[in-house]
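These notes concern the structure reproduced below.
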Amino acid sequence: MNRASVKVDRSAGSSGFAKRMRGNKTRDLNITSLIDILTILLVFMIKNISMDASQKNAPEGMLLPTTITKNELIESGKAVFVKIYTDKILYGAENFPVGSLQDFISRQDTRQSLLKLLHMEARSIMAMNSQPCLLIQADKDLPCRYITEFIKFSAQASFANIYFSTIHSENKEEVLGI
């Protein structure tokens, strides 16, 4: 039988190699836990910063936008209501019919009668030392060009504010309060 033997040299020369191996051995820096800790600290810092809106003041002379409900508009008496459907236009809280949308676009007498009503309402509201506002409620299926035309038209009637609302109900009687 042939035996192969390996002779291990344990002389002084090989111990230098072992020392060099230990000296060059650097430890890898694992920064995963450091990133985790920094993330947690960042979350706590962001959470603890107080951004209270009541502490912030608007610059002098700046008017912030406001909202108002339909009921507040009705109670104030400063609003004029116009409901625009594809087949009719209704005026006021009483839903007085003033014609169809096609009449409004094509007939000058329909436009003049509506403008006369808007002028009359605007003057009576201004007589109470208030700014008149117009609330336009339009059917959701109404093309935008008709609303744009109505806004251009109603700008002639001296309204300080114009509010918009969309009628989403399919039941017109429910919207009209009938």
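Labeling convention for the structure tokens: chains A, B, ... as they appear, residues from 1 per chain, ligands from 1 in order of appearance.
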Write out as an MDAnalysis selection string the set of residues from stretch 13-151 of chain A that DSSP, computed on the backbone, places in helix (DSSP H, G or I).
chainID A and resid 13:24 32:48 53:55 70:76 101:106 108:127 144:151
Assign secondary structure with DSSP using the backbone only, and return the residues of stretch 34-170 of chain A in strand (DSSP E or B) as a list in words.
Ala79, Val80, Phe81, Val82, Lys83, Ile84, Ile89, Leu90, Tyr91, Phe96, Pro97, Val98, Gly99, Cys133, Leu134, Leu135, Ile136, Gln137, Ala138, Asp139, Asn161, Ile162, Tyr163, Phe164, Ser165, Thr166 and Ile167 of chain A
Between A:Phe44, A:Phe159, A:Phe153, A:Phe81, which residue has the minimum interatomic distance to A:Phe96, considering only C-alpha atoms?
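Looking only at the distances to A:Phe96, the closest residue turns out to be A:Phe81.
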Using only C-alpha atoms, can you tell me which of A:Ile68, A:Leu42, A:Ile147, A:Ile35 comes closest to A:Phe104?
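Nearest to A:Phe104: A:Ile147.
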Measuring atom to atom with only C-alpha atoms, identify which of A:Asn95, A:Gln102, A:Ser158, A:Gln137 is nearest to A:Glu121.
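Closest to A:Glu121 of all the choices is A:Ser158.
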